[in-house]
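**Student:** Provided herewith is a single structure, encoded as structure tokens, for subsequent inquiry.
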Amino acid sequence: MRIFLVRHGESLGNINEKAYRQFGDHNVPLTQWGYRQVLLAGRGLVSYLAELPERENQSLDIWYSPFLRTRQSKDALLEILPPEWVGDVREDYLLREQDFGLFTEIYDHAERRQKFPDEFEKWARMRNNSGKFYARPPDGESRADVAQRVRLFLQTVIDGTTDEGNDIIIVGHGVTNRAFEMDFLHHAVDWFERSDNPGNSDVTLIEGTRRQGYRSILLHKASERKIGNDELRQAHGSELTITPKTKP
């Protein structure tokens with residue numbers, strides 16, 4: 001069995017934090033470049049899978065986060081993957097992005113401190129004393145919380161498969177994909193603290209067997225958008241899909 005962890009492509013939020021306020025974290029779209037990134041990642045996956053001798057006997061089950069940028073990334077992969085290779089395609093809310101609670105849509109530490117001084121100081125103290133993995137943003141999730149719900153996803157989906165089962169593609173976010181890798185490979189918390197999120201459209205491959213064990217490698221490293229390609233900074237998708245939030 002092989003598991004491919006695909007992080008969503010470059011989103012508007014990755015190049016301008018104001019996008020999280022404009023659209024809401026769940027509705028931030030990919031950029032034009034971000035969609036192209038995932039298309040290229042999909043071509044890399046096809047090339048890799050086509051070389052496998054057992055390809056004709058297995059299909060790909062695809063799981064994805066409900067956030068817009070991951071749904072668009074899933075759509076880009078489906079444009080590239082041969083339809084006969086694709087099995088089930090399912091959304092799962094357990095793969096959603098980390099919830100930052102009161103800090104959602106506020107990524108600047110100075111602004112967080114200004115708007116929520118008491119909560120920020122408590123959170124900063126927890127980060128210093130206990131580490132980033134355990135520190136929970138006010139009314140939000142710590143990375144430990146994310147790892148716990150991702151483990152639930154792993155238990156309900158992955159543990160039910162066998163070594164002869166279908167290969168799996170998971171289209172998620174930086175923290176959730178890293179949490180999945182940690183949970184599946186039984187890494188210690190220190191591994192999470194020392195590791196970085198994968199880049200946009202990076203593909204991590206986990207492969208092996210229950211008997212022999214599993215390992216992970218970076219299968220595809222996505223290219224970054226060249227400076228000056230301003231047209232590729234625009235949102236991908238229709239106006240209906242990316243309608244900004246309106247105040248009540």
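Order determines the names: the first chain of the structure tokens is A, the second B, and so forth; residues in each chain are numbered 1 upward, and ligands are numbered 1 upward as they are shown.
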Could the residues of segment 49-134 of chain A that have an atom at most 7 Å from segment 163-182 of chain A be listed as JSON lines, each with its closest atom pair and the distance in Å to one decimal, counting only C-alpha atoms and ordered by chain and ascending residue number?

**Tutor:**
```
{"residue": "A:Gln58", "atom": "CA", "partner": "A:Asn166", "partner_atom": "CA", "distance": 5.4}
{"residue": "A:Ser59", "atom": "CA", "partner": "A:Asn166", "partner_atom": "CA", "distance": 5.3}
{"residue": "A:Leu60", "atom": "CA", "partner": "A:Asp167", "partner_atom": "CA", "distance": 5.0}
{"residue": "A:Asp61", "atom": "CA", "partner": "A:Ile168", "partner_atom": "CA", "distance": 4.8}
{"residue": "A:Ile62", "atom": "CA", "partner": "A:Ile169", "partner_atom": "CA", "distance": 4.7}
{"residue": "A:Trp63", "atom": "CA", "partner": "A:Ile170", "partner_atom": "CA", "distance": 4.8}
{"residue": "A:Tyr64", "atom": "CA", "partner": "A:Val171", "partner_atom": "CA", "distance": 4.6}
{"residue": "A:Ser65", "atom": "CA", "partner": "A:Gly172", "partner_atom": "CA", "distance": 5.5}
{"residue": "A:Thr70", "atom": "CA", "partner": "A:Gly172", "partner_atom": "CA", "distance": 6.1}
{"residue": "A:Lys74", "atom": "CA", "partner": "A:Val171", "partner_atom": "CA", "distance": 6.5}
{"residue": "A:Leu95", "atom": "CA", "partner": "A:Gly172", "partner_atom": "CA", "distance": 6.1}
{"residue": "A:Glu97", "atom": "CA", "partner": "A:His173", "partner_atom": "CA", "distance": 5.9}
{"residue": "A:Gln98", "atom": "CA", "partner": "A:Val175", "partner_atom": "CA", "distance": 7.0}
```

**Student:** If you keep all heavy atoms, can you produce a file of those selected residues as a short mmCIF file (atom, residue, chain, number, x, y, z; two decimals), in the first residue's frame?

**Tutor:**
```
data_model
loop_
_atom_site.label_atom_id
_atom_site.label_comp_id
_atom_site.auth_asym_id
_atom_site.auth_seq_id
_atom_site.Cartn_x
_atom_site.Cartn_y
_atom_site.Cartn_z
N GLN A 58 -4.37 -2.13 -9.08
CA GLN A 58 -4.75 -1.26 -7.99
C GLN A 58 -5.35 0.03 -8.52
O GLN A 58 -5.03 0.49 -9.63
CB GLN A 58 -3.54 -0.93 -7.11
CG GLN A 58 -3.05 -2.10 -6.25
CD GLN A 58 -1.90 -1.69 -5.37
OE1 GLN A 58 -0.84 -1.34 -5.84
NE2 GLN A 58 -2.11 -1.75 -4.06
N SER A 59 -6.22 0.62 -7.71
CA SER A 59 -6.75 1.93 -8.04
C SER A 59 -6.42 2.90 -6.91
O SER A 59 -5.86 2.50 -5.88
CB SER A 59 -8.27 1.86 -8.25
OG SER A 59 -8.92 1.45 -7.07
N LEU A 60 -6.76 4.15 -7.10
CA LEU A 60 -6.43 5.20 -6.15
C LEU A 60 -7.70 5.69 -5.46
O LEU A 60 -8.64 6.14 -6.13
CB LEU A 60 -5.76 6.37 -6.86
CG LEU A 60 -4.36 6.15 -7.42
CD1 LEU A 60 -4.04 7.20 -8.46
CD2 LEU A 60 -3.33 6.19 -6.29
N ASP A 61 -7.73 5.59 -4.15
CA ASP A 61 -8.80 6.21 -3.38
C ASP A 61 -8.33 7.59 -2.93
O ASP A 61 -7.22 7.73 -2.40
CB ASP A 61 -9.16 5.36 -2.15
CG ASP A 61 -9.83 4.05 -2.53
OD1 ASP A 61 -10.42 3.99 -3.63
OD2 ASP A 61 -9.77 3.10 -1.73
N ILE A 62 -9.15 8.60 -3.15
CA ILE A 62 -8.77 9.98 -2.87
C ILE A 62 -9.62 10.52 -1.72
O ILE A 62 -10.85 10.45 -1.75
CB ILE A 62 -8.93 10.87 -4.11
CG1 ILE A 62 -8.04 10.35 -5.25
CG2 ILE A 62 -8.59 12.33 -3.79
CD1 ILE A 62 -8.21 11.10 -6.55
N TRP A 63 -8.94 11.05 -0.70
CA TRP A 63 -9.59 11.72 0.42
C TRP A 63 -9.13 13.18 0.43
O TRP A 63 -7.96 13.46 0.16
CB TRP A 63 -9.22 11.06 1.74
CG TRP A 63 -9.73 9.67 1.90
CD1 TRP A 63 -9.17 8.51 1.44
CD2 TRP A 63 -10.94 9.28 2.55
NE1 TRP A 63 -9.93 7.42 1.77
CE2 TRP A 63 -11.04 7.87 2.46
CE3 TRP A 63 -11.96 9.97 3.22
CZ2 TRP A 63 -12.10 7.16 3.01
CZ3 TRP A 63 -13.01 9.26 3.76
CH2 TRP A 63 -13.08 7.88 3.66
N TYR A 64 -10.02 14.09 0.79
CA TYR A 64 -9.63 15.51 0.76
C TYR A 64 -10.36 16.30 1.84
O TYR A 64 -11.45 15.93 2.28
CB TYR A 64 -9.88 16.13 -0.62
CG TYR A 64 -11.34 16.07 -1.06
CD1 TYR A 64 -12.19 17.15 -0.84
CD2 TYR A 64 -11.86 14.94 -1.68
CE1 TYR A 64 -13.52 17.10 -1.24
CE2 TYR A 64 -13.18 14.88 -2.08
CZ TYR A 64 -14.00 15.96 -1.85
OH TYR A 64 -15.32 15.89 -2.23
N SER A 65 -9.74 17.38 2.26
CA SER A 65 -10.32 18.32 3.22
C SER A 65 -11.46 19.09 2.56
O SER A 65 -11.43 19.35 1.36
CB SER A 65 -9.23 19.28 3.69
OG SER A 65 -9.77 20.49 4.18
N THR A 70 -8.34 22.93 -0.87
CA THR A 70 -8.06 21.50 -1.01
C THR A 70 -9.03 20.85 -2.00
O THR A 70 -8.65 19.93 -2.72
CB THR A 70 -8.12 20.81 0.35
OG1 THR A 70 -9.22 21.33 1.12
CG2 THR A 70 -6.84 21.00 1.13
N LYS A 74 -7.86 18.90 -5.27
CA LYS A 74 -8.39 17.58 -5.66
C LYS A 74 -8.88 17.59 -7.10
O LYS A 74 -8.62 16.65 -7.87
CB LYS A 74 -9.50 17.18 -4.69
CG LYS A 74 -10.26 15.91 -5.04
CD LYS A 74 -11.56 16.24 -5.78
CE LYS A 74 -12.50 17.10 -4.98
NZ LYS A 74 -13.74 17.45 -5.71
N LEU A 95 -9.93 16.18 8.06
CA LEU A 95 -8.71 16.62 7.39
C LEU A 95 -8.63 18.15 7.26
O LEU A 95 -7.72 18.67 6.61
CB LEU A 95 -8.63 15.99 5.99
CG LEU A 95 -8.47 14.47 5.96
CD1 LEU A 95 -8.59 13.96 4.52
CD2 LEU A 95 -7.15 14.04 6.57
N GLU A 97 -8.19 22.24 8.07
CA GLU A 97 -7.04 23.00 8.59
C GLU A 97 -7.16 23.16 10.11
O GLU A 97 -8.25 23.06 10.69
CB GLU A 97 -7.01 24.38 7.92
CG GLU A 97 -5.93 25.34 8.40
CD GLU A 97 -4.52 24.84 8.14
OE1 GLU A 97 -4.12 23.85 8.81
OE2 GLU A 97 -3.81 25.43 7.32
N GLN A 98 -6.04 23.42 10.75
CA GLN A 98 -6.02 23.70 12.19
C GLN A 98 -6.90 24.89 12.50
O GLN A 98 -6.89 25.90 11.79
CB GLN A 98 -4.59 23.97 12.65
CG GLN A 98 -4.45 24.27 14.14
CD GLN A 98 -3.01 24.56 14.54
OE1 GLN A 98 -2.10 24.57 13.70
NE2 GLN A 98 -2.79 24.80 15.81
#
```

**Student:** Quick one: pick out all helix (DSSP H, G or I) residues within segment 75-128 of chain A from a backbone DSSP run and write them as an NGL selection string.

**Tutor:** :A and (75-80 or 83-85 or 93-95 or 101-103 or 109-115 or 117-128)

**Student:** So that I can see what lies close to Pro137 of chain A, please list as a list of chain:residue names the residues with an atom at most 8 Å from it, counting only C-alpha atoms and leaving out residues fewer than 3 positions away in the same chain.

**Tutor:**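 Counting only C-alpha atoms, the residues come to A:Phe100, A:Gly101, A:Leu102, A:Phe103, A:Trp123, A:Gly140, A:Glu141, A:Ser142.
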
**Student:** Going by DSSP on the backbone, which residues of segment 51-160 of chain A come out as strand (DSSP E or B)? List them as a PyMOL selection string.

**Tutor:** chain A and resi 60-64+86-91

**Student:** Tell me, in Å to one decimal, how far atom CA of Thr104 of chain A is from atom CA of Ala124 of chain A.

**Tutor:**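 It comes out at 15.8 Å.
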
**Student:** Hey, can you check how far atom CA of Arg136 of chain A sits from atom CA of Ser216 of chain A?

**Tutor:**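 Separating atom CA of Arg136 of chain A from atom CA of Ser216 of chain A is a distance of 27.9 Å.
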
**Student:** Near segment 15-27 of chain A, counting only C-alpha atoms, which residues have an atom at most 12 Å away, once you skip same-chain residues fewer than 3 positions from it, shown as a ChimeraX atom specification?

**Tutor:** /A:9-12,30-31,33-34,65-72,93,95-101,103-108,173,200,224-225,227,230,232-235,237,240-247

**Student:** Emit the selected residues as a short mmCIF file (atom, residue, chain, number, x, y, z; two decimals), in the first residue's frame, including N, CA and C atoms.

**Tutor:**
```cif
data_model
loop_
_atom_site.label_atom_id
_atom_site.label_comp_id
_atom_site.auth_asym_id
_atom_site.auth_seq_id
_atom_site.Cartn_x
_atom_site.Cartn_y
_atom_site.Cartn_z
N GLY A 9 -2.26 23.49 -3.33
CA GLY A 9 -1.39 24.42 -4.04
C GLY A 9 -1.39 25.79 -3.39
N GLU A 10 -0.58 26.68 -3.95
CA GLU A 10 -0.50 28.05 -3.44
C GLU A 10 -1.90 28.67 -3.43
N SER A 11 -2.29 29.24 -2.30
CA SER A 11 -3.59 29.90 -2.18
C SER A 11 -3.40 31.41 -2.04
N LEU A 12 -4.51 32.13 -2.15
CA LEU A 12 -4.43 33.57 -1.94
C LEU A 12 -3.91 33.89 -0.54
N LEU A 30 -7.37 28.78 -4.34
CA LEU A 30 -6.03 28.71 -4.92
C LEU A 30 -5.78 29.93 -5.79
N THR A 31 -4.50 30.23 -5.98
CA THR A 31 -4.14 31.16 -7.04
C THR A 31 -4.08 30.40 -8.36
N TRP A 33 -1.49 30.14 -10.09
CA TRP A 33 -0.25 29.37 -10.01
C TRP A 33 -0.43 28.13 -9.15
N GLY A 34 -1.20 28.28 -8.07
CA GLY A 34 -1.44 27.15 -7.20
C GLY A 34 -2.12 26.00 -7.92
N SER A 65 -9.74 17.38 2.26
CA SER A 65 -10.32 18.32 3.22
C SER A 65 -11.46 19.09 2.56
N PRO A 66 -12.46 19.52 3.34
CA PRO A 66 -13.58 20.26 2.77
C PRO A 66 -13.27 21.71 2.43
N PHE A 67 -12.10 22.22 2.79
CA PHE A 67 -11.78 23.62 2.50
C PHE A 67 -11.63 23.82 0.99
N LEU A 68 -11.95 25.02 0.53
CA LEU A 68 -11.99 25.29 -0.92
C LEU A 68 -10.66 25.00 -1.59
N ARG A 69 -9.56 25.42 -0.98
CA ARG A 69 -8.26 25.26 -1.63
C ARG A 69 -7.87 23.79 -1.79
N THR A 70 -8.34 22.93 -0.87
CA THR A 70 -8.06 21.50 -1.01
C THR A 70 -9.03 20.85 -2.00
N ARG A 71 -10.26 21.33 -2.04
CA ARG A 71 -11.20 20.81 -3.04
C ARG A 71 -10.73 21.16 -4.46
N GLN A 72 -10.25 22.38 -4.63
CA GLN A 72 -9.72 22.77 -5.94
C GLN A 72 -8.48 21.96 -6.29
N TYR A 93 -14.16 15.85 6.94
CA TYR A 93 -13.93 17.08 7.71
C TYR A 93 -12.80 16.93 8.72
N LEU A 95 -9.93 16.18 8.06
CA LEU A 95 -8.71 16.62 7.39
C LEU A 95 -8.63 18.15 7.26
N ARG A 96 -9.56 18.86 7.87
CA ARG A 96 -9.60 20.32 7.74
C ARG A 96 -8.36 20.97 8.36
N GLU A 97 -8.19 22.24 8.07
CA GLU A 97 -7.04 23.00 8.59
C GLU A 97 -7.16 23.16 10.11
N GLN A 98 -6.04 23.42 10.75
CA GLN A 98 -6.02 23.70 12.19
C GLN A 98 -6.90 24.89 12.50
N ASP A 99 -7.68 24.79 13.57
CA ASP A 99 -8.55 25.88 14.02
C ASP A 99 -7.78 26.76 14.99
N PHE A 100 -7.61 28.04 14.62
CA PHE A 100 -6.85 28.96 15.46
C PHE A 100 -7.74 29.78 16.40
N GLY A 101 -9.02 29.45 16.48
CA GLY A 101 -9.90 30.09 17.45
C GLY A 101 -9.97 31.60 17.27
N PHE A 103 -7.68 33.60 17.07
CA PHE A 103 -6.62 34.08 16.18
C PHE A 103 -6.89 33.75 14.71
N THR A 104 -8.02 33.11 14.42
CA THR A 104 -8.35 32.80 13.03
C THR A 104 -8.44 34.10 12.23
N GLU A 105 -7.83 34.11 11.09
CA GLU A 105 -7.79 35.26 10.18
C GLU A 105 -6.88 36.37 10.68
N ILE A 106 -6.17 36.15 11.80
CA ILE A 106 -5.19 37.13 12.29
C ILE A 106 -3.85 36.41 12.41
N TYR A 107 -2.95 36.63 11.48
CA TYR A 107 -1.69 35.90 11.48
C TYR A 107 -0.52 36.74 12.00
N ASP A 108 -0.73 38.03 12.20
CA ASP A 108 0.32 38.90 12.70
C ASP A 108 0.32 38.88 14.22
N HIS A 173 -3.71 19.84 4.33
CA HIS A 173 -3.03 21.09 4.67
C HIS A 173 -1.66 20.75 5.29
N ASN A 200 3.62 24.09 -0.60
CA ASN A 200 2.42 23.99 -1.42
C ASN A 200 2.64 23.05 -2.59
N GLU A 224 8.31 26.99 -7.15
CA GLU A 224 7.70 28.22 -6.68
C GLU A 224 7.43 29.14 -7.85
N ARG A 225 6.43 30.01 -7.67
CA ARG A 225 6.08 30.95 -8.73
C ARG A 225 7.20 31.97 -8.90
N ILE A 227 8.99 35.43 -9.60
CA ILE A 227 8.63 36.81 -9.30
C ILE A 227 8.31 37.54 -10.61
N ASP A 230 2.54 38.29 -12.21
CA ASP A 230 1.44 38.80 -11.40
C ASP A 230 0.10 38.21 -11.78
N LEU A 232 -0.55 35.25 -12.39
CA LEU A 232 -0.71 33.96 -11.73
C LEU A 232 -1.00 34.11 -10.24
N ARG A 233 -1.01 35.35 -9.76
CA ARG A 233 -1.37 35.62 -8.36
C ARG A 233 -2.88 35.75 -8.19
N GLN A 234 -3.61 35.77 -9.27
CA GLN A 234 -5.06 35.94 -9.21
C GLN A 234 -5.72 34.65 -8.72
N ALA A 235 -6.95 34.78 -8.23
CA ALA A 235 -7.68 33.62 -7.72
C ALA A 235 -8.05 32.67 -8.85
N GLY A 237 -10.74 29.97 -10.22
CA GLY A 237 -12.13 29.60 -10.03
C GLY A 237 -13.08 30.70 -10.44
N LEU A 240 -18.54 32.99 -8.68
CA LEU A 240 -19.51 32.39 -7.78
C LEU A 240 -18.81 31.58 -6.69
N THR A 241 -17.77 30.88 -7.08
CA THR A 241 -17.06 30.02 -6.13
C THR A 241 -16.34 30.83 -5.06
N ILE A 242 -15.82 31.99 -5.41
CA ILE A 242 -14.95 32.73 -4.50
C ILE A 242 -15.59 34.03 -4.04
N THR A 243 -16.92 34.10 -3.97
CA THR A 243 -17.59 35.30 -3.50
C THR A 243 -17.14 35.61 -2.09
N PRO A 244 -16.62 36.83 -1.84
CA PRO A 244 -16.16 37.17 -0.48
C PRO A 244 -17.31 37.16 0.52
N LYS A 245 -16.94 37.04 1.79
CA LYS A 245 -17.94 37.11 2.86
C LYS A 245 -18.53 38.52 2.94
N THR A 246 -19.76 38.60 3.35
CA THR A 246 -20.40 39.90 3.58
C THR A 246 -20.78 39.99 5.04
N LYS A 247 -20.66 41.18 5.59
CA LYS A 247 -20.99 41.38 7.00
C LYS A 247 -22.50 41.34 7.18
#
```

**Student:** Hey, what's within 9 Å of Leu45 of chain A if we count only C-alpha atoms and toss same-chain stuff fewer than 6 positions away? As a VMD selection string, please?

**Tutor:** chain A and resid 4 81 203 219 to 220

**Student:** Please produce an output containing all heavy atoms for each residue in the selection, written as a short mmCIF file (atom, residue, chain, number, x, y, z; two decimals), in the first residue's frame.

**Tutor:**
```cif
data_model
loop_
_atom_site.label_atom_id
_atom_site.label_comp_id
_atom_site.auth_asym_id
_atom_site.auth_seq_id
_atom_site.Cartn_x
_atom_site.Cartn_y
_atom_site.Cartn_z
N PHE A 4 -0.13 8.81 -0.59
CA PHE A 4 0.44 10.04 -1.12
C PHE A 4 -0.21 11.21 -0.40
O PHE A 4 -1.42 11.43 -0.51
CB PHE A 4 0.20 10.14 -2.63
CG PHE A 4 0.76 9.00 -3.42
CD1 PHE A 4 -0.01 7.87 -3.70
CD2 PHE A 4 2.07 9.03 -3.89
CE1 PHE A 4 0.50 6.81 -4.42
CE2 PHE A 4 2.59 7.98 -4.62
CZ PHE A 4 1.80 6.87 -4.89
N LEU A 81 -5.12 12.60 -13.46
CA LEU A 81 -5.13 11.15 -13.24
C LEU A 81 -6.06 10.46 -14.24
O LEU A 81 -7.19 10.92 -14.46
CB LEU A 81 -5.60 10.84 -11.82
CG LEU A 81 -4.70 11.29 -10.67
CD1 LEU A 81 -5.42 11.13 -9.33
CD2 LEU A 81 -3.39 10.50 -10.67
N VAL A 203 4.47 16.56 -2.53
CA VAL A 203 3.87 15.23 -2.39
C VAL A 203 4.82 14.37 -1.55
O VAL A 203 5.97 14.15 -1.93
CB VAL A 203 3.62 14.56 -3.75
CG1 VAL A 203 3.01 13.17 -3.55
CG2 VAL A 203 2.73 15.43 -4.63
N LEU A 219 8.36 12.80 -2.48
CA LEU A 219 8.30 12.29 -3.85
C LEU A 219 8.33 13.41 -4.87
O LEU A 219 8.93 13.27 -5.94
CB LEU A 219 7.02 11.47 -4.03
CG LEU A 219 6.83 10.81 -5.39
CD1 LEU A 219 7.87 9.70 -5.61
CD2 LEU A 219 5.41 10.24 -5.52
N HIS A 220 7.70 14.53 -4.55
CA HIS A 220 7.63 15.64 -5.50
C HIS A 220 7.79 16.95 -4.76
O HIS A 220 7.05 17.22 -3.81
CB HIS A 220 6.28 15.62 -6.24
CG HIS A 220 6.05 16.83 -7.10
ND1 HIS A 220 6.57 16.95 -8.38
CD2 HIS A 220 5.35 17.97 -6.88
CE1 HIS A 220 6.20 18.11 -8.89
NE2 HIS A 220 5.47 18.74 -8.01
#
```

**Student:** Can you work out which one of A:Val6, A:Met1, A:Val189, A:Pro82 has the shortest atom-to-atom distance to Thr204 of chain A, counting only C-alpha atoms?

**Tutor:**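 Closest to Thr204 of chain A, using only C-alpha atoms: A:Val6.
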